[in-house]
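Working notes, structure below.
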Amino acid sequence: MKIHRDLNSFYAKKPVLTIGTFDGVHLGHRKIIARLHDLAASLNGESVIFTFDPHPRKVVAPGESTLRILTTLDEKIELFEQSGIDHLIIYPFTPEFAQLSYEQFVEQILVGQIHTKYLVVGYDHKFGKNRQGDFEFLKNCAARLDFQIEKLDVLLMNESNISSTKIREAIQQGDFETANAFLGYPFSLHGTVVEGQKLGRKIQFPTANVEASDPDKIIPGYGVYAVKARIHGQVYRGMLNIGSRPTINNNADHRSIEVHIFDFESDIYGAPIELIFYKKLREEQKFASIDALKEQLARDKTDTLSFFGVTSQA
């Protein structure tokens, strides 16, 4: 996959293109990508994804603080790479670009610079200033500017349409059965291990405190989760608590993230870590005593190991 951050030297053979933010690169997005592959093969062309950086909402609504993304740009690049796309355009979303009409975008960029031969859009595609770029508008552009266009229907799972919004809602609710099914892979969070209060050591459940790599990355709701942690290329089972943290930090909604990694004792302060979410075990709760907390943590560990199919804690 070739990555382009501008169009100065861009060239693709008979470009078959789709446009979007692709937050999550979920199964609905993958339906579009699969269609790109099929069309590119039939036309003897190349598949192209056109996306943006930064997220358009950070430019058109800079004072808004509610943006929560499923995937960072680095995570999206990795997922696109896995999908086998020929070209990924990461176009700079600037205030000047935001002022382009959709007609100008199609004429000047999609056709004038990329020379798009075939455009594939999702069922809810609306882009451009004032979101004027709907499918009917694009059909008129296609007829006038000599490219083909196709709209794909919504992808359904269990009679529910798959969307980034529904996945975000499921993650906030701790419903990883739904979120991971819609994504097509387990949701993960990349971050760095930072200094904590080290209270877990005193009760034989030491935790690594994690700061998310992107402050806009969605953080699951409060509770205890069965997770896996990838550190230095190795994957370990663990249980994770997400709670409130009164002091300011870079995690979305200032939530604390503390993971107890099973059978792991290395010092990893400052190390990159990936947390992979599988199941919410229970809600966050307060305990009457340290002993009660330790007993619950022991049950949480048993439940986590059971979820992962491990019958012994040895």
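Residue numbering restarts at 1 in every chain; chains get A, B, ... in the order shown in the structure tokens, and ligands count up from 1 in that same order.
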Going by DSSP on the backbone, which bits of range 208-313 of chain A are strand (DSSP E or B)? Write them as a ChimeraX atom specification, please.
-> /A:208-212,217,223-231,234-244,255-261,272-282
Could you dump the residues just selected with N, CA and C atoms as a compact mmCIF listing (two decimals), in the first residue's frame?
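Written file, result-v5.txt:
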```txt
# COMPACT_ATOMS: atom_id res chain seq x y z
N ALA A 208 -0.61 -1.52 36.04
CA ALA A 208 0.06 -0.54 35.19
C ALA A 208 -0.97 0.53 34.83
N ASN A 209 -0.64 1.78 35.10
CA ASN A 209 -1.51 2.90 34.72
C ASN A 209 -1.20 3.30 33.29
N VAL A 210 -2.25 3.49 32.50
CA VAL A 210 -2.06 3.72 31.06
C VAL A 210 -2.64 5.06 30.65
N GLU A 211 -1.84 5.80 29.89
CA GLU A 211 -2.26 7.05 29.28
C GLU A 211 -2.47 6.78 27.79
N ALA A 212 -3.66 7.07 27.27
CA ALA A 212 -3.95 6.79 25.86
C ALA A 212 -3.04 7.60 24.95
N LYS A 217 -9.22 9.44 21.62
CA LYS A 217 -9.59 8.02 21.54
C LYS A 217 -10.68 7.71 22.57
N GLY A 223 -15.78 0.40 34.83
CA GLY A 223 -16.02 -1.01 35.10
C GLY A 223 -14.74 -1.81 35.04
N VAL A 224 -14.90 -3.12 35.18
CA VAL A 224 -13.77 -4.06 35.17
C VAL A 224 -13.91 -4.95 33.93
N TYR A 225 -12.81 -5.14 33.22
CA TYR A 225 -12.83 -5.79 31.92
C TYR A 225 -11.81 -6.92 31.83
N ALA A 226 -12.15 -7.95 31.08
CA ALA A 226 -11.19 -8.98 30.69
C ALA A 226 -10.49 -8.49 29.43
N VAL A 227 -9.15 -8.42 29.50
CA VAL A 227 -8.39 -7.86 28.39
C VAL A 227 -7.16 -8.71 28.10
N LYS A 228 -6.51 -8.39 27.01
CA LYS A 228 -5.15 -8.85 26.77
C LYS A 228 -4.28 -7.61 26.60
N ALA A 229 -3.01 -7.73 27.00
CA ALA A 229 -2.08 -6.62 26.89
C ALA A 229 -0.90 -7.04 26.03
N ARG A 230 -0.59 -6.22 25.03
CA ARG A 230 0.59 -6.48 24.19
C ARG A 230 1.70 -5.53 24.61
N ILE A 231 2.80 -6.10 25.07
CA ILE A 231 3.95 -5.33 25.54
C ILE A 231 5.21 -5.92 24.92
N GLN A 234 4.91 -9.16 23.06
CA GLN A 234 4.33 -10.33 23.73
C GLN A 234 2.92 -10.00 24.22
N VAL A 235 2.05 -11.00 24.20
CA VAL A 235 0.66 -10.80 24.62
C VAL A 235 0.39 -11.55 25.92
N TYR A 236 -0.22 -10.86 26.89
CA TYR A 236 -0.52 -11.42 28.20
C TYR A 236 -2.00 -11.21 28.51
N ARG A 237 -2.57 -12.11 29.29
CA ARG A 237 -3.93 -11.92 29.77
C ARG A 237 -3.91 -10.98 30.97
N GLY A 238 -5.06 -10.32 31.18
CA GLY A 238 -5.12 -9.43 32.33
C GLY A 238 -6.54 -8.96 32.59
N MET A 239 -6.69 -8.22 33.67
CA MET A 239 -7.98 -7.59 33.97
C MET A 239 -7.73 -6.11 34.19
N LEU A 240 -8.69 -5.33 33.79
CA LEU A 240 -8.48 -3.89 33.71
C LEU A 240 -9.62 -3.15 34.37
N ASN A 241 -9.29 -2.09 35.10
CA ASN A 241 -10.30 -1.25 35.72
C ASN A 241 -10.27 0.13 35.09
N ILE A 242 -11.45 0.62 34.73
CA ILE A 242 -11.59 1.99 34.27
C ILE A 242 -12.44 2.73 35.30
N GLY A 243 -11.89 3.81 35.83
CA GLY A 243 -12.59 4.54 36.87
C GLY A 243 -12.45 6.03 36.69
N SER A 244 -12.87 6.76 37.69
CA SER A 244 -12.81 8.22 37.63
C SER A 244 -11.47 8.69 38.17
N ARG A 255 -10.67 9.55 32.35
CA ARG A 255 -10.87 8.26 33.02
C ARG A 255 -9.52 7.61 33.31
N SER A 256 -9.42 7.01 34.47
CA SER A 256 -8.19 6.27 34.80
C SER A 256 -8.27 4.87 34.20
N ILE A 257 -7.13 4.37 33.74
CA ILE A 257 -7.04 3.05 33.13
C ILE A 257 -5.92 2.30 33.85
N GLU A 258 -6.28 1.23 34.57
CA GLU A 258 -5.30 0.46 35.31
C GLU A 258 -5.46 -1.02 34.99
N VAL A 259 -4.37 -1.63 34.53
CA VAL A 259 -4.44 -3.03 34.12
C VAL A 259 -3.52 -3.87 34.99
N HIS A 260 -4.08 -4.96 35.50
CA HIS A 260 -3.29 -5.98 36.21
C HIS A 260 -2.99 -7.08 35.22
N ILE A 261 -1.72 -7.27 34.91
CA ILE A 261 -1.30 -8.24 33.91
C ILE A 261 -0.89 -9.52 34.61
N PRO A 272 5.40 1.49 25.59
CA PRO A 272 4.14 1.46 24.85
C PRO A 272 3.38 0.17 25.17
N ILE A 273 2.06 0.27 25.19
CA ILE A 273 1.23 -0.88 25.51
C ILE A 273 -0.03 -0.83 24.67
N GLU A 274 -0.52 -2.00 24.28
CA GLU A 274 -1.80 -2.10 23.60
C GLU A 274 -2.73 -2.93 24.47
N LEU A 275 -3.91 -2.39 24.76
CA LEU A 275 -4.91 -3.08 25.56
C LEU A 275 -6.04 -3.53 24.63
N ILE A 276 -6.35 -4.82 24.67
CA ILE A 276 -7.33 -5.41 23.76
C ILE A 276 -8.52 -5.88 24.59
N PHE A 277 -9.71 -5.35 24.30
CA PHE A 277 -10.88 -5.55 25.16
C PHE A 277 -11.75 -6.69 24.64
N TYR A 278 -12.18 -7.55 25.59
CA TYR A 278 -13.00 -8.71 25.22
C TYR A 278 -14.34 -8.77 25.95
N LYS A 279 -14.36 -8.43 27.24
CA LYS A 279 -15.61 -8.61 27.99
C LYS A 279 -15.62 -7.70 29.22
N LYS A 280 -16.79 -7.13 29.50
CA LYS A 280 -16.97 -6.40 30.75
C LYS A 280 -17.38 -7.40 31.82
N LEU A 281 -16.62 -7.44 32.91
CA LEU A 281 -16.88 -8.39 33.99
C LEU A 281 -17.92 -7.87 34.97
N ARG A 282 -17.80 -6.60 35.31
CA ARG A 282 -18.72 -6.02 36.30
C ARG A 282 -18.58 -4.51 36.29
```
Report as JSON lines the residues of range 28-134 of chain A within 7 Å of range 143-162 of chain A, each with its shortest atom pair and distance in Å (one decimal), using only C-alpha atoms, ordered by chain and increasing residue number.
```
{"residue": "A:Gly28", "atom": "CA", "partner": "A:Leu155", "partner_atom": "CA", "distance": 5.5}
{"residue": "A:Thr116", "atom": "CA", "partner": "A:Phe147", "partner_atom": "CA", "distance": 6.7}
{"residue": "A:Lys117", "atom": "CA", "partner": "A:Phe147", "partner_atom": "CA", "distance": 4.9}
{"residue": "A:Tyr118", "atom": "CA", "partner": "A:Gln148", "partner_atom": "CA", "distance": 4.6}
{"residue": "A:Leu119", "atom": "CA", "partner": "A:Ile149", "partner_atom": "CA", "distance": 4.7}
{"residue": "A:Val120", "atom": "CA", "partner": "A:Glu150", "partner_atom": "CA", "distance": 4.9}
{"residue": "A:Val121", "atom": "CA", "partner": "A:Lys151", "partner_atom": "CA", "distance": 5.0}
{"residue": "A:Gly122", "atom": "CA", "partner": "A:Leu152", "partner_atom": "CA", "distance": 5.2}
{"residue": "A:Tyr123", "atom": "CA", "partner": "A:Asp153", "partner_atom": "CA", "distance": 5.1}
```
All helix (DSSP H, G or I) positions in range 21-79 of chain A, as a list in words | Leu27, Gly28, His29, Arg30, Lys31, Ile32, Ile33, Ala34, Arg35, Leu36, His37, Asp38, Leu39, Ala40, Ala41, Ser42, Leu43, Pro56, Arg57, Lys58, Val59, Val60, Leu73, Asp74, Glu75, Lys76, Ile77, Glu78 and Leu79 of chain A
Write out the residues from the selection above, keeping N, CA and C atoms, as a compact mmCIF listing (two decimals), in the first residue's frame.
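Final output, selection-v8.txt:
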```txt
# COMPACT_ATOMS: atom_id res chain seq x y z
N LEU A 27 -16.89 -3.48 9.74
CA LEU A 27 -17.36 -4.39 8.69
C LEU A 27 -18.12 -3.66 7.58
N GLY A 28 -18.82 -2.59 7.93
CA GLY A 28 -19.50 -1.79 6.90
C GLY A 28 -18.49 -1.16 5.96
N HIS A 29 -17.41 -0.62 6.52
CA HIS A 29 -16.35 -0.06 5.69
C HIS A 29 -15.69 -1.15 4.84
N ARG A 30 -15.54 -2.33 5.43
CA ARG A 30 -14.86 -3.40 4.70
C ARG A 30 -15.70 -3.92 3.53
N LYS A 31 -17.01 -3.76 3.65
CA LYS A 31 -17.86 -4.10 2.51
C LYS A 31 -17.53 -3.17 1.33
N ILE A 32 -17.33 -1.89 1.62
CA ILE A 32 -16.96 -0.93 0.58
C ILE A 32 -15.59 -1.27 0.01
N ILE A 33 -14.64 -1.58 0.91
CA ILE A 33 -13.28 -1.91 0.46
C ILE A 33 -13.28 -3.16 -0.42
N ALA A 34 -14.08 -4.16 -0.06
CA ALA A 34 -14.17 -5.37 -0.87
C ALA A 34 -14.70 -5.05 -2.27
N ARG A 35 -15.67 -4.14 -2.32
CA ARG A 35 -16.21 -3.74 -3.62
C ARG A 35 -15.16 -2.99 -4.44
N LEU A 36 -14.35 -2.16 -3.76
CA LEU A 36 -13.24 -1.48 -4.45
C LEU A 36 -12.32 -2.50 -5.12
N HIS A 37 -11.96 -3.54 -4.36
CA HIS A 37 -11.08 -4.57 -4.90
C HIS A 37 -11.69 -5.22 -6.14
N ASP A 38 -12.97 -5.57 -6.04
CA ASP A 38 -13.63 -6.25 -7.17
C ASP A 38 -13.65 -5.35 -8.41
N LEU A 39 -14.01 -4.08 -8.21
CA LEU A 39 -14.09 -3.16 -9.35
C LEU A 39 -12.72 -2.90 -9.95
N ALA A 40 -11.71 -2.70 -9.07
CA ALA A 40 -10.36 -2.45 -9.57
C ALA A 40 -9.87 -3.63 -10.41
N ALA A 41 -10.17 -4.84 -9.95
CA ALA A 41 -9.76 -6.04 -10.71
C ALA A 41 -10.47 -6.11 -12.06
N SER A 42 -11.76 -5.80 -12.07
CA SER A 42 -12.53 -5.90 -13.32
C SER A 42 -12.14 -4.82 -14.32
N LEU A 43 -11.69 -3.67 -13.82
CA LEU A 43 -11.32 -2.56 -14.70
C LEU A 43 -9.82 -2.52 -15.00
N PRO A 56 -12.18 15.90 10.38
CA PRO A 56 -12.87 17.14 9.97
C PRO A 56 -13.53 17.91 11.10
N ARG A 57 -14.07 17.23 12.09
CA ARG A 57 -14.76 17.93 13.18
C ARG A 57 -13.81 18.80 13.99
N LYS A 58 -12.53 18.46 14.03
CA LYS A 58 -11.56 19.26 14.78
C LYS A 58 -11.30 20.59 14.08
N VAL A 59 -11.62 20.66 12.79
CA VAL A 59 -11.43 21.88 12.03
C VAL A 59 -12.71 22.69 11.94
N VAL A 60 -13.82 22.04 11.63
CA VAL A 60 -15.08 22.77 11.44
C VAL A 60 -15.73 23.15 12.76
N LEU A 73 -5.16 7.60 13.73
CA LEU A 73 -4.69 7.55 12.35
C LEU A 73 -3.74 6.37 12.15
N ASP A 74 -2.82 6.14 13.08
CA ASP A 74 -1.89 5.01 12.95
C ASP A 74 -2.63 3.67 12.92
N GLU A 75 -3.68 3.55 13.75
CA GLU A 75 -4.46 2.31 13.77
C GLU A 75 -5.20 2.12 12.44
N LYS A 76 -5.74 3.21 11.90
CA LYS A 76 -6.43 3.11 10.61
C LYS A 76 -5.47 2.70 9.49
N ILE A 77 -4.28 3.30 9.50
CA ILE A 77 -3.29 2.94 8.48
C ILE A 77 -3.00 1.44 8.52
N GLU A 78 -2.84 0.91 9.73
CA GLU A 78 -2.55 -0.52 9.86
C GLU A 78 -3.71 -1.37 9.34
N LEU A 79 -4.94 -0.97 9.65
CA LEU A 79 -6.10 -1.72 9.19
C LEU A 79 -6.26 -1.63 7.67
```
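Residues lying within 8 Å of Glu46 in chain A, counting only C-alpha atoms and ignoring same-chain neighbours fewer than 2 positions away, are A:Ala12, A:Lys13, A:Lys14, A:Pro15, A:Val16, A:His37, A:Ala40, A:Ala41, A:Asn44, A:Val48, A:Asp86, A:His87.
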Nearest candidate to Ser101 in chain A (options A:Phe137, A:Thr72, A:Ile171, A:Gly184; using only C-alpha atoms) = A:Phe137
Spatial neighbours of Lys2 in chain A, max dist 12 Å, only C-alpha atoms, sep filter under 2 positions, as a ChimeraX atom specification | /A:4-6,9-12,46-49,77,80-81,84-90
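Of the listed residues (A:Arg68, A:Lys139, A:Lys301, A:His55), A:His55 comes nearest to Phe93 in chain A; the distances count only C-alpha atoms.
The spacing separating CA of Gln173 in chain A from CA of Asp253 in chain A amounts to 14.6 Å.
Between CA of Leu297 in chain A and CA of Phe205 in chain A there is a distance of 7.9 Å.
The shortest atom-to-atom distance to Ala252 in chain A, with only C-alpha atoms taken into account, belongs to A:Gln172 out of A:Pro92, A:Asp134, A:Phe182, A:Gln172.
For the set A:Thr311, A:Pro95, A:Asn140, A:Asp291, the residue with the smallest atom-to-atom gap to Glu107 in chain A is A:Asn140, counting only C-alpha atoms.
Here CA of Val194 in chain A and CA of Glu265 in chain A stand 15.5 Å from one another.
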